[in-house]
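**Q** Dropping the structure in here first, questions after.
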Amino acid sequence: MNRELISVIDELGRSKGIEKSRVIGAIEAALLMAAKKRLGQTENIQVEINAKTGEIAIVSKKTIVETITNPKTEISLQEARQLDSEAEVGDEIGSLIEMNDLGRIAAQTAKQVIFQKVREAEWEAVQKEYSTRQGDLVNGILLGMERRNYLVDLGRTEAVLPVQEQIPRETYRRGDRVKAMLLEVRRTPKDVQVILTRSHPQFVAKLFELEVPEVLEKIVEIKAIVREAGDRTKIAVTSREKAVDPVGACVGIKGSRVQAVVRELRGEKIDIITWTSDPRVFIAAALNPASIEKIGIDEEKKSALVVVGDSQLSLAIGKNGQNVRLAARLTGWKIDIISATEYEKQKAERDEDIQAAFVEEAEALRQQQEAQEQELQARAESDAG
């Protein structure tokens, strides 16, 4: 039986990643509880398991005294010397308790406590491993669905992809491979939950790290990223090296890098723009793919009024206001958009202060567009070469 016990402990260590000493400690605690339940809580009982042989020693220890006041914890010198001829007052002396003396009920209690202790150790091992990986990409296999939440096998443990962390309209079947970001590790009274996400903006950022070496190496930095999962993502990037075009690095040759991310997101649109500290240029770029005619800003209120051609108005606003909403979140500015026709109607009604605050950026935008066209042409010539 003792060898079988050690074999079970070793197997738990291999399969669950639980330290052998922890499993032995759990069993010792279980046997101690069972012994005290049988013999009394006031008994001074100690349990030790030999880690090599599996030998179990359950010892009831008593203090040697001249006059006994508590028979459960004390023993007379005369009785003690019958067990050990060299016993002295003040020493502790122990007597072995046979395992069979614990009884069936106590043994069942020990079994339950062992199960609970081992399970808690397993939870701690999972928590320790995965809490250091929060924010990392993980791959798993879909096990099924429970209350609209996907269960994903990560190998060492099962994770949950909650409905609120799923990409809308995205479906999986049992056995499908799933890539997600490890969002959080939660400890509950019942277990440890590993929470995954595919809807978080940082999931897209991690996908770009995977596909774009310059992002992984911090040459290209993602300054801001906003997302409405399943529909559109806007990402602002900058380069730490002048020779590296941040947008071109993320797009890749013939769009290979960004398309790899789009495929993982099941066709979600991704707008990649160059980050700049100039709010007018940044706002204009953030409203991509719409073309901007004029931009006026109020730095104190951090608000901007954007004028677009009549044909560009719906494109700038986007379906259900999505494009301007994401642009506002990306830049951190409140953005109002009006058409050129509406602007001309209002122009006559504006007072001089408002006119002065509304700075026309047509020339600056034209120069920016020319610079972008030159960059695209240079990359095309480089690819052709």
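We label chains A, B, ... in the order they appear in the structure tokens, count residues from 1 in each chain, and number ligands from 1 in the order shown.
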With a distance cut-off of 6 Å and only C-alpha atoms, select the neighbouring residues of stretch 144-161 of chain A, excluding the residue or stretch itself and same-chain residues fewer than 3 positions from it, and output the selection as a PyMOL selection string.
**A** chain A and resi 140-141+174+194-196
**Q** Could you name the residues that touch A:Leu77 at 9 Å or less, counting only C-alpha atoms, but leaving out those on the same chain fewer than 5 positions away, as a list in words?
**A** Ile64, Val65, Glu66, Thr67, Gln82, Ala87, Glu88 and Val89 of chain A
**Q** Would you list the contacts of stretch 178-189 of chain A as JSON, numbers by chain, taking every protein, DNA or RNA residue within 8 Å and counting only C-alpha atoms, but skipping same-chain residues closer than 3 positions in sequence?
**A** {"A": [127, 130, 131, 133, 134, 135, 136, 137, 138, 139, 140, 141, 142, 152, 192, 193, 194, 195, 196, 197, 198, 203, 206]}
**Q** Output the selection as a PDB file, in the first residue's frame - N, CA and C atoms for each residue.
**A**
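As a result, out00.pdb now contains:
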```pdb
ATOM      1  N   GLN A 127      -2.926  28.815 -11.422  1.00  0.00           N
ATOM      2  CA  GLN A 127      -2.900  30.255 -11.204  1.00  0.00           C
ATOM      3  C   GLN A 127      -1.481  30.806 -11.327  1.00  0.00           C
ATOM      4  N   TYR A 130      -0.414  30.669 -15.247  1.00  0.00           N
ATOM      5  CA  TYR A 130      -1.118  31.499 -16.219  1.00  0.00           C
ATOM      6  C   TYR A 130      -1.213  32.968 -15.817  1.00  0.00           C
ATOM      7  N   SER A 131      -1.076  33.282 -14.521  1.00  0.00           N
ATOM      8  CA  SER A 131      -1.144  34.688 -14.123  1.00  0.00           C
ATOM      9  C   SER A 131       0.045  35.471 -14.666  1.00  0.00           C
ATOM     10  N   ARG A 133       1.181  35.026 -17.601  1.00  0.00           N
ATOM     11  CA  ARG A 133       1.035  35.067 -19.069  1.00  0.00           C
ATOM     12  C   ARG A 133      -0.119  35.954 -19.515  1.00  0.00           C
ATOM     13  N   GLN A 134      -0.661  36.758 -18.600  1.00  0.00           N
ATOM     14  CA  GLN A 134      -1.765  37.636 -18.976  1.00  0.00           C
ATOM     15  C   GLN A 134      -1.306  38.607 -20.064  1.00  0.00           C
ATOM     16  N   GLY A 135      -2.119  38.742 -21.091  1.00  0.00           N
ATOM     17  CA  GLY A 135      -1.769  39.588 -22.223  1.00  0.00           C
ATOM     18  C   GLY A 135      -1.083  38.842 -23.349  1.00  0.00           C
ATOM     19  N   ASP A 136      -0.763  37.553 -23.140  1.00  0.00           N
ATOM     20  CA  ASP A 136      -0.114  36.750 -24.178  1.00  0.00           C
ATOM     21  C   ASP A 136      -1.156  36.080 -25.068  1.00  0.00           C
ATOM     22  N   LEU A 137      -0.740  35.755 -26.282  1.00  0.00           N
ATOM     23  CA  LEU A 137      -1.583  34.946 -27.163  1.00  0.00           C
ATOM     24  C   LEU A 137      -1.465  33.483 -26.768  1.00  0.00           C
ATOM     25  N   VAL A 138      -2.582  32.775 -26.793  1.00  0.00           N
ATOM     26  CA  VAL A 138      -2.595  31.346 -26.497  1.00  0.00           C
ATOM     27  C   VAL A 138      -3.391  30.625 -27.578  1.00  0.00           C
ATOM     28  N   ASN A 139      -3.060  29.367 -27.777  1.00  0.00           N
ATOM     29  CA  ASN A 139      -3.785  28.533 -28.728  1.00  0.00           C
ATOM     30  C   ASN A 139      -4.423  27.371 -27.986  1.00  0.00           C
ATOM     31  N   GLY A 140      -5.640  27.036 -28.358  1.00  0.00           N
ATOM     32  CA  GLY A 140      -6.331  25.938 -27.712  1.00  0.00           C
ATOM     33  C   GLY A 140      -7.283  25.246 -28.656  1.00  0.00           C
ATOM     34  N   ILE A 141      -7.932  24.231 -28.146  1.00  0.00           N
ATOM     35  CA  ILE A 141      -8.913  23.464 -28.919  1.00  0.00           C
ATOM     36  C   ILE A 141     -10.271  23.607 -28.256  1.00  0.00           C
ATOM     37  N   LEU A 142     -11.270  23.923 -29.050  1.00  0.00           N
ATOM     38  CA  LEU A 142     -12.603  24.137 -28.506  1.00  0.00           C
ATOM     39  C   LEU A 142     -13.204  22.816 -28.020  1.00  0.00           C
ATOM     40  N   VAL A 152     -12.353  26.139 -23.748  1.00  0.00           N
ATOM     41  CA  VAL A 152     -11.181  25.918 -24.601  1.00  0.00           C
ATOM     42  C   VAL A 152     -10.116  25.144 -23.823  1.00  0.00           C
ATOM     43  N   VAL A 192     -10.155  27.932 -10.258  1.00  0.00           N
ATOM     44  CA  VAL A 192      -9.429  29.029 -10.891  1.00  0.00           C
ATOM     45  C   VAL A 192      -9.902  29.113 -12.339  1.00  0.00           C
ATOM     46  N   GLN A 193     -10.333  30.293 -12.758  1.00  0.00           N
ATOM     47  CA  GLN A 193     -10.828  30.481 -14.120  1.00  0.00           C
ATOM     48  C   GLN A 193      -9.814  31.265 -14.948  1.00  0.00           C
ATOM     49  N   VAL A 194      -9.458  30.696 -16.084  1.00  0.00           N
ATOM     50  CA  VAL A 194      -8.598  31.380 -17.049  1.00  0.00           C
ATOM     51  C   VAL A 194      -9.514  31.981 -18.113  1.00  0.00           C
ATOM     52  N   ILE A 195      -9.538  33.311 -18.199  1.00  0.00           N
ATOM     53  CA  ILE A 195     -10.451  34.011 -19.092  1.00  0.00           C
ATOM     54  C   ILE A 195      -9.712  34.451 -20.357  1.00  0.00           C
ATOM     55  N   LEU A 196     -10.292  34.138 -21.506  1.00  0.00           N
ATOM     56  CA  LEU A 196      -9.712  34.516 -22.798  1.00  0.00           C
ATOM     57  C   LEU A 196     -10.542  35.623 -23.445  1.00  0.00           C
ATOM     58  N   THR A 197      -9.935  36.303 -24.414  1.00  0.00           N
ATOM     59  CA  THR A 197     -10.664  37.319 -25.170  1.00  0.00           C
ATOM     60  C   THR A 197     -10.226  37.311 -26.631  1.00  0.00           C
ATOM     61  N   ARG A 198     -11.195  37.568 -27.511  1.00  0.00           N
ATOM     62  CA  ARG A 198     -10.908  37.819 -28.922  1.00  0.00           C
ATOM     63  C   ARG A 198     -11.461  39.182 -29.341  1.00  0.00           C
ATOM     64  N   PHE A 203      -5.905  42.389 -28.358  1.00  0.00           N
ATOM     65  CA  PHE A 203      -5.793  41.131 -29.101  1.00  0.00           C
ATOM     66  C   PHE A 203      -5.270  41.416 -30.506  1.00  0.00           C
ATOM     67  N   LYS A 206      -1.597  42.287 -30.358  1.00  0.00           N
ATOM     68  CA  LYS A 206      -0.779  41.083 -30.210  1.00  0.00           C
ATOM     69  C   LYS A 206      -0.656  40.329 -31.537  1.00  0.00           C
TER      70      LYS A 206
END
```
**Q** Write out as JSON, numbers by chain which residues come within 9 Å of stretch 256-263 of chain A when counting only C-alpha atoms, dropping same-chain ones fewer than 5 positions away.
**A** {"A": [204, 207, 208, 211, 212, 249, 250, 251, 268, 269, 270]}
**Q** Store the residues of this selection in a file with C-alpha atoms, as a PDB file, in the first residue's frame.
**A**
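Done, and the output landed in selection00.pdb:
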```
ATOM      1  CA  VAL A 204      -5.313  42.877 -32.463  1.00  0.00           C
ATOM      2  CA  LEU A 207      -1.629  39.716 -33.662  1.00  0.00           C
ATOM      3  CA  PHE A 208       0.440  42.499 -35.226  1.00  0.00           C
ATOM      4  CA  GLU A 211       3.003  39.118 -37.908  1.00  0.00           C
ATOM      5  CA  VAL A 212       5.250  42.212 -37.876  1.00  0.00           C
ATOM      6  CA  ALA A 249       5.839  47.679 -42.065  1.00  0.00           C
ATOM      7  CA  CYS A 250       2.398  46.793 -40.710  1.00  0.00           C
ATOM      8  CA  VAL A 251       0.841  46.425 -44.142  1.00  0.00           C
ATOM      9  CA  GLU A 268     -12.678  42.728 -39.843  1.00  0.00           C
ATOM     10  CA  LYS A 269     -11.636  46.030 -41.500  1.00  0.00           C
ATOM     11  CA  ILE A 270      -8.374  47.540 -40.229  1.00  0.00           C
TER      12      ILE A 270
END
```
**Q** DSSP on the backbone, then: every residue of stretch 170-314 of chain A marked strand (DSSP E or B), written as a PyMOL selection string.
**A** chain A and resi 177-187+192-197+220-228+232-239+269-274+292-298+303-308
**Q** Mind checking which residues fall within 8 Å of A:Thr331, counting only C-alpha atoms, ignoring those fewer than 4 positions away in the same chain, and posting them as a CSV table (one decimal) with C-alpha atoms, in the first residue's frame?
**A**
```csv
chain,number,residue,atom,x,y,z
A,279,PRO,CA,-3.9,67.1,-33.9
A,282,PHE,CA,-3.9,63.1,-36.8
A,283,ILE,CA,-7.6,63.7,-36.9
A,286,ALA,CA,-8.0,59.0,-38.3
A,327,ALA,CA,-11.6,58.3,-34.9
```
**Q** If you measure from atom CA of A:Gly230 to atom CA of A:Leu287, what distance in Å do you get, rounded to one decimal?
**A**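 Separation of atom CA of A:Gly230 and atom CA of A:Leu287: 18.8 Å.
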**Q** Using DSSP on the backbone coordinates, identify the residues of stretch 64-301 of chain A assigned to alpha helix (DSSP H); present them as JSON, numbers by chain.
**A** {"A": [77, 78, 79, 80, 81, 82, 83, 103, 104, 105, 106, 107, 108, 109, 110, 111, 112, 113, 114, 115, 116, 117, 118, 119, 120, 121, 122, 123, 124, 125, 126, 127, 128, 129, 130, 131, 201, 202, 203, 204, 205, 206, 207, 208, 209, 210, 211, 213, 214, 215, 216, 246, 247, 248, 249, 250, 251, 256, 257, 258, 259, 260, 261, 262, 263, 264, 279, 280, 281, 282, 283, 284, 285, 286]}
**Q** Selection from above, C-alpha atoms, as a tab-separated table (two decimals), in the first residue's frame, can you write it?
**A**
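Output file result11.tsv follows:
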```
chain	number	residue	atom	x	y	z
A	77	LEU	CA	6.49	9.26	34.50
A	78	GLN	CA	5.74	5.67	35.59
A	79	GLU	CA	3.69	4.93	32.46
A	80	ALA	CA	6.23	6.65	30.25
A	81	ARG	CA	9.11	4.54	31.58
A	82	GLN	CA	7.21	1.42	30.60
A	83	LEU	CA	7.57	2.65	27.02
A	103	GLY	CA	-12.34	3.51	11.23
A	104	ARG	CA	-14.37	3.67	8.03
A	105	ILE	CA	-15.88	7.12	8.64
A	106	ALA	CA	-12.52	8.67	9.43
A	107	ALA	CA	-10.99	7.05	6.35
A	108	GLN	CA	-13.75	8.52	4.19
A	109	THR	CA	-13.10	11.94	5.73
A	110	ALA	CA	-9.40	11.55	4.95
A	111	LYS	CA	-10.20	10.67	1.34
A	112	GLN	CA	-12.37	13.78	0.91
A	113	VAL	CA	-9.77	16.06	2.45
A	114	ILE	CA	-7.02	14.56	0.27
A	115	PHE	CA	-9.14	15.21	-2.83
A	116	GLN	CA	-9.79	18.83	-1.79
A	117	LYS	CA	-6.18	19.55	-0.86
A	118	VAL	CA	-4.86	18.10	-4.10
A	119	ARG	CA	-7.44	20.07	-6.08
A	120	GLU	CA	-6.44	23.29	-4.31
A	121	ALA	CA	-2.80	22.58	-5.09
A	122	GLU	CA	-3.73	22.06	-8.73
A	123	TRP	CA	-5.58	25.39	-8.77
A	124	GLU	CA	-2.57	27.18	-7.34
A	125	ALA	CA	-0.29	25.59	-9.93
A	126	VAL	CA	-2.62	26.78	-12.72
A	127	GLN	CA	-2.90	30.26	-11.20
A	128	LYS	CA	0.87	30.55	-10.81
A	129	GLU	CA	1.55	29.50	-14.40
A	130	TYR	CA	-1.12	31.50	-16.22
A	131	SER	CA	-1.14	34.69	-14.12
A	201	PRO	CA	-8.30	45.83	-28.85
A	202	GLN	CA	-5.02	44.48	-27.46
A	203	PHE	CA	-5.79	41.13	-29.10
A	204	VAL	CA	-5.31	42.88	-32.46
A	205	ALA	CA	-2.12	44.52	-31.19
A	206	LYS	CA	-0.78	41.08	-30.21
A	207	LEU	CA	-1.63	39.72	-33.66
A	208	PHE	CA	0.44	42.50	-35.23
A	209	GLU	CA	3.32	41.59	-32.89
A	210	LEU	CA	3.04	38.06	-34.25
A	211	GLU	CA	3.00	39.12	-37.91
A	213	PRO	CA	8.82	41.72	-36.58
A	214	GLU	CA	9.31	45.50	-36.32
A	215	VAL	CA	6.42	45.71	-33.82
A	216	LEU	CA	7.77	42.79	-31.78
A	246	PRO	CA	5.52	52.28	-39.71
A	247	VAL	CA	2.42	51.91	-41.89
A	248	GLY	CA	4.32	50.06	-44.61
A	249	ALA	CA	5.84	47.68	-42.06
A	250	CYS	CA	2.40	46.79	-40.71
A	251	VAL	CA	0.84	46.42	-44.14
A	256	SER	CA	0.54	40.24	-46.69
A	257	ARG	CA	0.98	41.14	-43.01
A	258	VAL	CA	-2.24	43.03	-42.45
A	259	GLN	CA	-4.18	40.43	-44.43
A	260	ALA	CA	-2.92	37.70	-42.11
A	261	VAL	CA	-4.41	39.66	-39.19
A	262	VAL	CA	-7.65	40.28	-41.10
A	263	ARG	CA	-8.02	36.55	-41.80
A	264	GLU	CA	-7.65	35.75	-38.10
A	279	PRO	CA	-3.92	67.14	-33.92
A	280	ARG	CA	-5.20	68.38	-37.29
A	281	VAL	CA	-3.12	65.92	-39.29
A	282	PHE	CA	-3.88	63.12	-36.83
A	283	ILE	CA	-7.64	63.72	-36.92
A	284	ALA	CA	-7.62	63.88	-40.72
A	285	ALA	CA	-5.75	60.56	-40.90
A	286	ALA	CA	-8.01	58.98	-38.27
```
**Q** Take atom CA of A:Ile295 and atom CA of A:Val307 and report the distance between them in Å, one decimal.
**A**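 Computing it gives 6.2 Å between the two atoms.
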**Q** Within 9 Å of A:Asn288, counting only C-alpha atoms, which residues show up once you throw out same-chain ones fewer than 6 positions away? Write them as a ChimeraX atom specification, please.
**A** /A:271-273,315-316,323,327
**Q** Okay, now the selection with N, CA and C atoms, as a compact mmCIF listing (two decimals), in the first residue's frame?
**A**
```
# COMPACT_ATOMS: atom_id res chain seq x y z
N ASP A 271 -7.88 49.92 -40.28
CA ASP A 271 -7.29 51.15 -40.78
C ASP A 271 -5.99 51.40 -40.02
N ILE A 272 -4.87 51.51 -40.74
CA ILE A 272 -3.57 51.76 -40.12
C ILE A 272 -3.12 53.15 -40.53
N ILE A 273 -2.85 54.01 -39.55
CA ILE A 273 -2.44 55.38 -39.86
C ILE A 273 -1.16 55.71 -39.09
N LEU A 315 -19.20 58.70 -45.83
CA LEU A 315 -17.99 57.89 -45.64
C LEU A 315 -17.24 58.32 -44.37
N ALA A 316 -17.19 59.64 -44.14
CA ALA A 316 -16.49 60.15 -42.96
C ALA A 316 -17.21 59.77 -41.67
N ASN A 323 -17.28 55.30 -38.06
CA ASN A 323 -15.97 55.82 -38.44
C ASN A 323 -15.58 57.02 -37.59
N ALA A 327 -12.65 57.27 -34.71
CA ALA A 327 -11.63 58.33 -34.88
C ALA A 327 -11.54 59.19 -33.62
```
